[in-house]
Every structure is written in C-alpha cells, then in structure tokens.
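With mmCIF, C-alpha atoms inside, this is data24.cif:
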data_coords
loop_
_atom_site.group_PDB
_atom_site.id
_atom_site.type_symbol
_atom_site.label_atom_id
_atom_site.label_comp_id
_atom_site.auth_asym_id
_atom_site.auth_seq_id
_atom_site.Cartn_x
_atom_site.Cartn_y
_atom_site.Cartn_z
ATOM 1 C CA MET A 1 12.955 4.041 22.991
ATOM 2 C CA ARG A 2 15.777 5.154 20.731
ATOM 3 C CA SER A 3 16.307 8.858 20.122
ATOM 4 C CA LYS A 4 15.691 10.622 16.828
ATOM 5 C CA GLU A 5 19.431 11.046 16.393
ATOM 6 C CA GLU A 6 19.979 7.295 16.824
ATOM 7 C CA MET A 7 17.218 6.394 14.396
ATOM 8 C CA MET A 8 18.334 8.816 11.718
ATOM 9 C CA GLN A 9 21.898 7.534 12.026
ATOM 10 C CA LEU A 10 20.589 3.979 11.721
ATOM 11 C CA GLY A 11 18.670 4.890 8.580
ATOM 12 C CA MET A 12 21.738 6.589 7.142
ATOM 13 C CA ASP A 13 24.051 3.704 8.006
ATOM 14 C CA PHE A 14 21.740 1.270 6.251
ATOM 15 C CA ALA A 15 21.625 3.434 3.115
ATOM 16 C CA ARG A 16 25.391 3.843 3.010
ATOM 17 C CA SER A 17 26.063 0.145 3.510
ATOM 18 C CA HIS A 18 24.010 -0.981 0.487
ATOM 19 C CA GLU A 19 25.223 -0.193 -3.010
ATOM 20 C CA GLN A 20 21.710 -0.825 -4.334
ATOM 21 C CA ILE A 21 20.422 2.235 -2.435
ATOM 22 C CA ARG A 22 21.139 5.497 -4.269
ATOM 23 C CA LEU A 23 18.743 7.925 -2.565
ATOM 24 C CA PHE A 24 17.425 8.085 0.984
ATOM 25 C CA THR A 25 14.580 10.402 2.035
ATOM 26 C CA LEU A 26 12.692 11.146 5.223
ATOM 27 C CA GLU A 27 8.993 11.961 4.972
ATOM 28 C CA GLY A 28 6.008 12.830 7.124
ATOM 29 C CA SER A 29 5.611 14.601 10.439
ATOM 30 C CA LEU A 30 9.311 14.527 11.341
ATOM 31 C CA THR A 31 9.961 16.918 8.448
ATOM 32 C CA ASN A 32 7.176 19.294 9.466
ATOM 33 C CA VAL A 33 8.346 22.159 11.655
ATOM 34 C CA ASN A 34 4.726 22.876 12.574
ATOM 35 C CA ILE A 35 4.250 19.512 14.298
ATOM 36 C CA PRO A 36 5.346 19.422 17.950
ATOM 37 C CA PRO A 37 7.781 16.496 18.326
ATOM 38 C CA ASP A 38 6.818 13.616 20.591
ATOM 39 C CA ALA A 39 7.843 10.042 21.345
ATOM 40 C CA PHE A 40 5.105 8.540 19.167
ATOM 41 C CA GLN A 41 6.179 9.898 15.782
ATOM 42 C CA ASP A 42 6.965 7.364 13.070
ATOM 43 C CA TYR A 43 10.120 7.313 10.980
ATOM 44 C CA ASP A 44 9.048 7.361 7.335
ATOM 45 C CA PHE A 45 12.121 6.188 5.435
ATOM 46 C CA SER A 46 12.171 5.791 1.654
ATOM 47 C CA TYR A 47 15.040 4.076 -0.142
ATOM 48 C CA PHE A 48 15.406 4.418 -3.897
ATOM 49 C CA VAL A 49 17.028 1.230 -5.134
ATOM 50 C CA THR A 50 18.505 -0.238 -8.296
ATOM 51 C CA ASP A 51 17.376 -3.786 -7.467
ATOM 52 C CA MET A 52 13.993 -4.225 -5.787
ATOM 53 C CA GLU A 53 14.177 -8.015 -5.782
ATOM 54 C CA PHE A 54 17.425 -7.981 -3.812
ATOM 55 C CA PHE A 55 15.398 -6.755 -0.841
ATOM 56 C CA LYS A 56 11.992 -8.270 -1.553
ATOM 57 C CA ARG A 57 13.109 -11.893 -1.787
ATOM 58 C CA ARG A 58 13.831 -12.126 1.945
ATOM 59 C CA ASP A 59 13.189 -10.159 5.123
ATOM 60 C CA ASP A 60 16.226 -10.829 7.288
ATOM 61 C CA TRP A 61 17.840 -7.503 6.273
ATOM 62 C CA LEU A 62 15.119 -5.764 8.286
ATOM 63 C CA ASP A 63 16.813 -7.071 11.436
ATOM 64 C CA PHE A 64 19.362 -4.291 10.934
ATOM 65 C CA PHE A 65 16.824 -1.909 12.461
ATOM 66 C CA GLY A 66 16.275 -3.992 15.600
ATOM 67 C CA PRO A 67 14.041 -6.737 17.021
ATOM 68 C CA ARG A 68 10.420 -6.293 15.985
ATOM 69 C CA ILE A 69 7.112 -6.987 17.671
ATOM 70 C CA ILE A 70 5.189 -6.811 14.393
ATOM 71 C CA LEU A 71 5.796 -6.447 10.658
ATOM 72 C CA GLN A 72 3.282 -5.702 7.931
ATOM 73 C CA LYS A 73 3.968 -5.748 4.194
ATOM 74 C CA PRO A 74 0.920 -4.015 2.660
ATOM 75 C CA GLU A 75 1.946 -4.890 -0.906
ATOM 76 C CA ASP A 76 2.069 -8.579 0.002
ATOM 77 C CA MET A 77 -1.420 -8.958 1.483
ATOM 78 C CA GLU A 78 -4.491 -10.641 0.023
ATOM 79 C CA LEU A 79 -7.286 -9.063 2.062
ATOM 80 C CA PHE A 80 -6.076 -5.503 1.433
ATOM 81 C CA PRO A 81 -5.088 -4.885 -2.223
ATOM 82 C CA ALA A 82 -1.777 -3.163 -2.953
ATOM 83 C CA GLU A 83 -1.911 0.560 -3.742
ATOM 84 C CA LEU A 84 1.700 1.609 -4.329
ATOM 85 C CA GLY A 85 2.332 0.331 -7.840
ATOM 86 C CA HIS A 86 5.971 -0.766 -8.108
ATOM 87 C CA TRP A 87 6.806 0.438 -4.609
ATOM 88 C CA PHE A 88 7.034 -1.956 -1.674
ATOM 89 C CA SER A 89 6.630 -1.025 1.966
ATOM 90 C CA TYR A 90 7.371 -2.463 5.404
ATOM 91 C CA LEU A 91 5.514 -1.201 8.466
ATOM 92 C CA MET A 92 7.438 -2.158 11.591
ATOM 93 C CA ILE A 93 7.072 -1.641 15.323
ATOM 94 C CA PHE A 94 10.153 -2.530 17.334
ATOM 95 C CA GLU A 95 10.517 -3.881 20.856
ATOM 96 C CA ASP A 96 11.578 -0.464 22.167
ATOM 97 C CA GLY A 97 8.373 1.106 20.819
ATOM 98 C CA THR A 98 9.951 2.785 17.795
ATOM 99 C CA LYS A 99 8.004 2.558 14.526
ATOM 100 C CA ILE A 100 9.462 2.694 11.031
ATOM 101 C CA ASP A 101 7.456 2.848 7.809
ATOM 102 C CA LEU A 102 10.083 1.866 5.258
ATOM 103 C CA THR A 103 9.372 2.080 1.537
ATOM 104 C CA LEU A 104 11.445 0.711 -1.329
ATOM 105 C CA ILE A 105 11.086 2.694 -4.566
ATOM 106 C CA PRO A 106 12.632 1.825 -7.941
ATOM 107 C CA LEU A 107 15.369 4.345 -8.624
ATOM 108 C CA ASP A 108 13.983 5.200 -12.062
ATOM 109 C CA GLU A 109 10.816 6.557 -10.399
ATOM 110 C CA TYR A 110 12.576 9.211 -8.311
ATOM 111 C CA GLU A 111 11.512 12.086 -10.578
ATOM 112 C CA ASP A 112 7.834 11.102 -10.332
ATOM 113 C CA TYR A 113 8.253 10.753 -6.584
ATOM 114 C CA PHE A 114 9.394 14.339 -6.141
ATOM 115 C CA LYS A 115 6.928 15.655 -8.715
ATOM 116 C CA ASN A 116 4.013 14.094 -6.843
ATOM 117 C CA SER A 117 5.341 14.605 -3.327
ATOM 118 C CA ASP A 118 3.041 16.209 -0.768
ATOM 119 C CA GLY A 119 5.932 18.510 0.173
ATOM 120 C CA LEU A 120 6.809 16.862 3.477
ATOM 121 C CA VAL A 121 10.094 15.300 2.408
ATOM 122 C CA GLU A 122 13.779 15.807 3.127
ATOM 123 C CA VAL A 123 16.651 14.321 1.132
ATOM 124 C CA MET A 124 19.001 12.637 3.585
ATOM 125 C CA LEU A 125 21.421 11.029 1.142
ATOM 126 C CA ASP A 126 21.905 11.442 -2.602
ATOM 127 C CA LYS A 127 24.849 9.301 -3.679
ATOM 128 C CA ASP A 128 24.770 10.371 -7.325
ATOM 129 C CA ASN A 129 23.785 14.046 -6.964
ATOM 130 C CA ARG A 130 20.536 13.498 -8.829
ATOM 131 C CA ILE A 131 18.639 16.210 -6.957
ATOM 132 C CA LYS A 132 19.699 19.497 -8.519
ATOM 133 C CA GLN A 133 17.408 21.891 -6.623
ATOM 134 C CA PRO A 134 17.155 22.212 -2.839
ATOM 135 C CA ILE A 135 14.192 20.361 -1.338
ATOM 136 C CA VAL A 136 12.556 22.272 1.537
ATOM 137 C CA ALA A 137 9.879 20.428 3.477
ATOM 138 C CA THR A 138 6.534 22.225 3.725
ATOM 139 C CA ASP A 139 2.974 21.335 4.685
ATOM 140 C CA ARG A 140 1.506 23.981 2.370
ATOM 141 C CA MET A 141 -0.374 21.323 0.395
ATOM 142 C CA TYR A 142 -2.425 20.593 3.505
ATOM 143 C CA HIS A 143 -3.316 24.184 4.361
ATOM 144 C CA ILE A 144 -7.046 24.790 4.675
ATOM 145 C CA GLN A 145 -8.401 26.302 1.477
ATOM 146 C CA LYS A 146 -11.034 29.026 1.287
ATOM 147 C CA PRO A 147 -14.290 27.473 0.062
ATOM 148 C CA SER A 148 -15.857 28.741 -3.113
ATOM 149 C CA ALA A 149 -19.577 29.511 -3.088
ATOM 150 C CA ARG A 150 -20.124 26.271 -4.984
ATOM 151 C CA SER A 151 -18.117 24.196 -2.489
ATOM 152 C CA PHE A 152 -19.976 25.806 0.395
ATOM 153 C CA ASP A 153 -23.315 24.919 -1.189
ATOM 154 C CA ASP A 154 -22.126 21.374 -1.956
ATOM 155 C CA CYS A 155 -21.151 20.833 1.677
ATOM 156 C CA CYS A 156 -24.566 22.016 2.853
ATOM 157 C CA ASN A 157 -26.307 19.862 0.270
ATOM 158 C CA GLU A 158 -24.423 16.717 1.293
ATOM 159 C CA PHE A 159 -24.910 17.406 4.988
ATOM 160 C CA TRP A 160 -28.668 17.763 4.722
ATOM 161 C CA LEU A 161 -29.173 14.870 2.325
ATOM 162 C CA SER A 162 -27.116 12.530 4.508
ATOM 163 C CA ALA A 163 -29.061 13.766 7.532
ATOM 164 C CA THR A 164 -32.134 12.035 6.113
ATOM 165 C CA TYR A 165 -30.257 8.721 5.946
ATOM 166 C CA VAL A 166 -29.218 8.964 9.587
ATOM 167 C CA ALA A 167 -32.789 9.808 10.603
ATOM 168 C CA LYS A 168 -34.240 6.859 8.671
ATOM 169 C CA GLY A 169 -31.650 4.515 10.169
ATOM 170 C CA LEU A 170 -32.591 5.623 13.662
ATOM 171 C CA ALA A 171 -36.314 5.410 12.932
ATOM 172 C CA ARG A 172 -35.820 1.804 11.823
ATOM 173 C CA GLN A 173 -33.603 1.000 14.814
ATOM 174 C CA GLU A 174 -30.793 0.141 12.374
ATOM 175 C CA MET A 175 -28.028 1.281 14.668
ATOM 176 C CA LEU A 176 -25.001 0.105 12.699
ATOM 177 C CA PHE A 177 -26.288 1.734 9.514
ATOM 178 C CA ALA A 178 -27.057 4.962 11.361
ATOM 179 C CA ILE A 179 -23.657 5.005 13.071
ATOM 180 C CA ASP A 180 -21.828 4.271 9.826
ATOM 181 C CA THR A 181 -23.662 7.061 8.001
ATOM 182 C CA MET A 182 -23.114 9.437 10.915
ATOM 183 C CA ASN A 183 -19.371 8.768 11.030
ATOM 184 C CA ASN A 184 -18.568 8.489 7.341
ATOM 185 C CA VAL A 185 -20.947 10.852 5.531
ATOM 186 C CA PHE A 186 -22.911 13.129 7.871
ATOM 187 C CA ARG A 187 -20.400 14.358 10.494
ATOM 188 C CA PRO A 188 -17.521 14.717 7.981
ATOM 189 C CA ASN A 189 -19.429 17.616 6.416
ATOM 190 C CA LEU A 190 -19.713 19.251 9.824
ATOM 191 C CA LEU A 191 -15.955 18.822 10.205
ATOM 192 C CA THR A 192 -15.440 20.387 6.779
ATOM 193 C CA MET A 193 -17.480 23.413 7.825
ATOM 194 C CA LEU A 194 -15.568 23.696 11.105
ATOM 195 C CA ARG A 195 -12.312 23.421 9.176
ATOM 196 C CA TRP A 196 -13.363 26.309 6.941
ATOM 197 C CA LYS A 197 -14.201 28.325 10.044
ATOM 198 C CA VAL A 198 -10.672 27.687 11.358
ATOM 199 C CA GLY A 199 -9.267 28.678 7.975
ATOM 200 C CA ARG A 200 -11.276 31.892 7.979
ATOM 201 C CA ASP A 201 -10.039 32.745 11.471
ATOM 202 C CA THR A 202 -6.381 32.020 10.681
ATOM 203 C CA GLY A 203 -6.083 33.439 7.185
ATOM 204 C CA TYR A 204 -5.906 30.011 5.527
ATOM 205 C CA ALA A 205 -2.253 29.800 6.532
ATOM 206 C CA LEU A 206 -2.108 26.428 8.268
ATOM 207 C CA SER A 207 -3.076 22.786 8.376
ATOM 208 C CA ILE A 208 -4.897 21.179 11.280
ATOM 209 C CA GLY A 209 -3.477 17.766 10.497
ATOM 210 C CA LYS A 210 -4.697 14.380 9.414
ATOM 211 C CA SER A 211 -8.239 13.678 10.633
ATOM 212 C CA ASP A 212 -8.363 17.281 11.911
ATOM 213 C CA LYS A 213 -6.274 16.170 14.891
ATOM 214 C CA PHE A 214 -5.221 19.723 15.830
ATOM 215 C CA MET A 215 -8.677 21.274 15.562
ATOM 216 C CA GLN A 216 -8.978 21.626 19.341
ATOM 217 C CA LYS A 217 -6.249 24.297 19.259
ATOM 218 C CA TYR A 218 -8.252 26.530 16.930
ATOM 219 C CA VAL A 219 -11.882 26.338 18.070
ATOM 220 C CA ALA A 220 -13.563 27.663 21.195
ATOM 221 C CA ALA A 221 -13.652 25.307 24.178
ATOM 222 C CA ASP A 222 -17.444 25.070 24.104
ATOM 223 C CA THR A 223 -17.383 24.256 20.381
ATOM 224 C CA TRP A 224 -14.875 21.488 21.028
ATOM 225 C CA ASP A 225 -16.939 20.020 23.851
ATOM 226 C CA THR A 226 -20.060 20.185 21.709
ATOM 227 C CA LEU A 227 -18.320 18.391 18.848
ATOM 228 C CA LEU A 228 -17.022 15.633 21.125
ATOM 229 C CA SER A 229 -20.502 15.084 22.523
ATOM 230 C CA THR A 230 -21.696 14.031 19.053
ATOM 231 C CA TYR A 231 -19.586 10.873 19.305
ATOM 232 C CA ASN A 232 -21.824 9.510 22.068
ATOM 233 C CA MET A 233 -23.790 6.961 20.032
ATOM 234 C CA GLY A 234 -24.447 4.111 22.456
ATOM 235 C CA SER A 235 -28.227 4.079 22.057
ATOM 236 C CA VAL A 236 -30.962 5.344 19.755
ATOM 237 C CA ALA A 237 -31.776 8.125 22.219
ATOM 238 C CA ALA A 238 -28.107 9.137 22.479
ATOM 239 C CA MET A 239 -27.789 9.110 18.704
ATOM 240 C CA TRP A 240 -30.797 11.356 18.221
ATOM 241 C CA GLU A 241 -29.246 13.798 20.676
ATOM 242 C CA ALA A 242 -25.875 13.610 18.906
ATOM 243 C CA PHE A 243 -27.623 14.082 15.573
ATOM 244 C CA GLU A 244 -29.461 17.188 16.761
ATOM 245 C CA THR A 245 -26.243 18.605 18.208
ATOM 246 C CA CYS A 246 -24.514 18.130 14.839
ATOM 247 C CA VAL A 247 -27.348 19.955 13.117
ATOM 248 C CA GLU A 248 -27.205 22.895 15.512
ATOM 249 C CA LEU A 249 -23.420 23.158 15.297
ATOM 250 C CA PHE A 250 -23.440 22.880 11.504
ATOM 251 C CA ARG A 251 -26.116 25.550 11.165
ATOM 252 C CA GLU A 252 -24.239 27.970 13.435
ATOM 253 C CA THR A 253 -20.855 27.345 11.817
ATOM 254 C CA ALA A 254 -22.197 27.547 8.259
ATOM 255 C CA HIS A 255 -23.597 31.006 8.907
ATOM 256 C CA GLN A 256 -20.249 32.088 10.377
ATOM 257 C CA VAL A 257 -18.381 30.808 7.322
ATOM 258 C CA ALA A 258 -20.844 32.337 4.846
ATOM 259 C CA GLU A 259 -21.106 35.805 6.361
ATOM 260 C CA PRO A 260 -17.733 37.386 5.392
ATOM 261 C CA TYR A 261 -18.019 36.127 1.798
ATOM 262 C CA ASN A 262 -21.693 37.007 1.339
ATOM 263 C CA TYR A 263 -22.473 33.379 0.566
ATOM 264 C CA ARG A 264 -26.119 32.411 0.780
ATOM 265 C CA TYR A 265 -27.011 29.751 3.319
ATOM 266 C CA PRO A 266 -29.127 27.483 1.111
ATOM 267 C CA GLU A 267 -32.712 26.395 1.728
ATOM 268 C CA TYR A 268 -31.868 22.734 2.373
ATOM 269 C CA ASP A 269 -32.099 23.307 6.115
ATOM 270 C CA ALA A 270 -35.516 24.944 6.001
ATOM 271 C CA LYS A 271 -36.944 22.230 3.741
ATOM 272 C CA VAL A 272 -35.245 19.114 5.120
ATOM 273 C CA SER A 273 -35.581 19.832 8.842
ATOM 274 C CA PRO A 274 -39.407 19.465 8.866
ATOM 275 C CA TYR A 275 -39.060 16.246 6.864
ATOM 276 C CA ILE A 276 -36.681 14.844 9.476
ATOM 277 C CA ASP A 277 -39.041 15.931 12.247
ATOM 278 C CA ARG A 278 -41.809 13.892 10.614
ATOM 279 C CA ILE A 279 -39.540 10.844 10.400
ATOM 280 C CA ARG A 280 -38.726 11.131 14.086
ATOM 281 C CA GLN A 281 -42.351 11.566 15.098
ATOM 282 C CA LYS A 282 -43.361 8.427 13.191
ATOM 283 C CA SER A 283 -40.633 6.433 14.928
ATOM 284 C CA LYS A 284 -41.936 7.171 18.432
#

So, in terms of structure tokens, how does the structure I just supplied come out?
Amino acid sequence: MRSKEEMMQLGMDFARSHEQIRLFTLEGSLTNVNIPPDAFQDYDFSYFVTDMEFFKRRDDWLDFFGPRIILQKPEDMELFPAELGHWFSYLMIFEDGTKIDLTLIPLDEYEDYFKNSDGLVEVMLDKDNRIKQPIVATDRMYHIQKPSARSFDDCCNEFWLSATYVAKGLARQEMLFAIDTMNNVFRPNLLTMLRWKVGRDTGYALSIGKSDKFMQKYVAADTWDTLLSTYNMGSVAAMWEAFETCVELFRETAHQVAEPYNYRYPEYDAKVSPYIDRIRQKSK
C-alpha cells in the first residue's frame, strides 16, 4: 500500500498537470487531527475544474492513480439516484488496497463549497489565489451537543413509541420487520442518549465519529458490553432479550443525562412498559 506522502504527491501532480483544475482540496478523516491515522483511511480528493465534460466523457485519466480493482460513479447510476447536483464523483479501490474518493466540482461553485463545508477540509493547491482566508480543518461541527429539555423528551418519546413496534413485530413472529425497526428506529435513540451521556462527561468538546465508532473509548466497559449484546438478534427469544437490555440501558442512561440539568424523565416508560408486557404475554 502506498504511503500518505506518495498519495498526496500523486494527487498534487495530477492537479498541477491539468490546466482545467484550479483548486485541489483534501477532505475527511485525513484532515482531522483527532482521528488516529491507520492504513484504511480513504483519500478524499476534490478538484475544482473549469471543464467538467473534459473529465466526464471518458475514464482513462483515472489510470493516473494506478490500477483499480473497482470503480463506482455514484452520479452515473440508475438504481441509486444522484445526490451531488453538478458535482461528479469517482469511488476507487486500487490493487494495492488504497482507496480514493475523487470529486469533480465546477469551479464556479467553490464559494458554496467552502460556505457549506463540514470543516474537515484543507486547501492543497490554489492556482489563482482564490482563497483569501486561511482554512483550518476542524471537526467542531460534529461535536456532541447538549440536549435541550425538548430534545431529551423527544428522544424518550420516539424510543418508547418505537418500542411498541418492535414488540408487535416479535409477537407476530415478523423477524425482518422487528429487526429493521430495532436497528433503524429503536436502538438509534438509545445511541443518542448514550452519546449525550458521553457529551456530558466530556464537556461537549468532542465527536465520537460517524456511526458513533469511537463510543467504546468513552463509556464504561460494562456499558459497552451491554450495548453490543443488543445486536444478538438471531431468534425471537434472542431479540426479546436484546430488546429488554436496550430498555434497561436506555432507562439508566436517560436518568444520568437528565439529572444534572434537572430534566424530567417523562411518563412514557411507566405507561408504555405495561402495554409492552401485555403484548409479550399474548404472544406466548
């Protein structure tokens, strides 16, 4: 696998060798000083160009970056609709294991790009000195935010309402529905509450990454093990156990989050829990 120095030089060489490219930026985890570097990080290159069609009409210029094992062009797919407007991207994994996510952006959109940036961006090359102020990469946009009383209540409300859907799915033996609801609606609210707990404990001064991937570093070992156990969903019995574990962990964490802010733990738990118990009893 090529080194970071080699890849950045490759990206720079490509930008310098094409007159159509006027700006070159690096984005993502490689710009984040809070992310420990490893061999699996992607290179998120963006090139701001004067002529999009020069690049889009053929793909052989991508060979500059090396032999590939796979290429995806998200803006040129039928099954998955494009989401980047006038931008065009190339997701590439190379034979040495390196991955580049390369995006072409019309040059006249550079101001909107920086205005709407998530903060994790570095300017590598600016041929025309368009960027007048220094750009310093930061992940501040992703820092955990203190919940308001309303947000806290909303999270509890959604957790307990979605709990009834999981319970009904299990009572009907509709495993795929129950799993889908568990993964996409029910447990995400538990993760939100755990995230707020981490924020409370760390002064809301950090991010725990996409999909909460760094949460393990900031919760107790027994909490982490308990959370992981809720992903055991191979049978109805296992799912009921995972469901109950989620409920217990949510209840405990919600009280911990509420206490320092004098938030009231709402009555959803007290009213919904007996209802769920009745659903489970009828399913036996």

- Query: For this file, the PyMOL selection byres ((chain A and resi 32) around 12) selects which residues, as a list in words?
  - Reply: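 Evaluating the PyMOL selection byres ((chain A and resi 32) around 12) on these coordinates yields Leu26, Glu27, Gly28, Ser29, Leu30, Thr31, Val33, Asn34, Ile35, Pro36, Pro37, Gln41, Asp118, Gly119, Leu120, Val121, Glu122, Val136, Ala137, Thr138, Asp139, Arg140, Met141, Tyr142, Leu206, Ser207 and Gly209 of chain A.
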
What's around Cys246 of chain A at 9 Å? Count all atoms listed in the file, leave out sequence neighbours fewer than 6 positions away in its own chain, and write the answer as a PDB file with C-alpha atoms, in the coordinates of the input.
ATOM      1  CA  PHE A 186     -22.911  13.129   7.871  1.00  0.00           C
ATOM      2  CA  ARG A 187     -20.400  14.358  10.494  1.00  0.00           C
ATOM      3  CA  LEU A 190     -19.713  19.251   9.824  1.00  0.00           C
ATOM      4  CA  THR A 226     -20.060  20.185  21.709  1.00  0.00           C
ATOM      5  CA  LEU A 227     -18.320  18.391  18.848  1.00  0.00           C
ATOM      6  CA  THR A 230     -21.696  14.031  19.053  1.00  0.00           C
TER       7      THR A 230
END

- Return the single residue from A:Thr245, A:Thr202, A:Gln145, A:Thr25 that is closest to Asp126 of chain A, with distances computed using only C-alpha atoms.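 Looking at the shortest contact to Asp126 of chain A, the residue is A:Thr25.
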
Interface rows for segment 68-108 of chain A against segment 48-60 of chain A: nearest pair, Å to one decimal, 7 Å, all atoms listed in the file, as CSV:
residue,atom,partner,partner_atom,distance
A:Leu104,CA,A:Phe48,CA,6.0
A:Ile105,CA,A:Phe48,CA,4.7
A:Pro106,CA,A:Val49,CA,5.2
A:Leu107,CA,A:Phe48,CA,4.7

- Query: Using only C-alpha atoms, which of A:Ser273, A:Asp128, A:Thr164, A:Gly169 sits nearest Glu19 of chain A?
  - Reply: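 For Glu19 of chain A, the nearest of the candidates is A:Asp128.
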
- Query: When distances are computed from only C-alpha atoms, which of A:Leu125, A:Leu228, A:Ile276, A:Met77 shows the smallest separation from Arg16 of chain A?
  - Reply: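 Distance minimum relative to Arg16 of chain A lands on A:Leu125.
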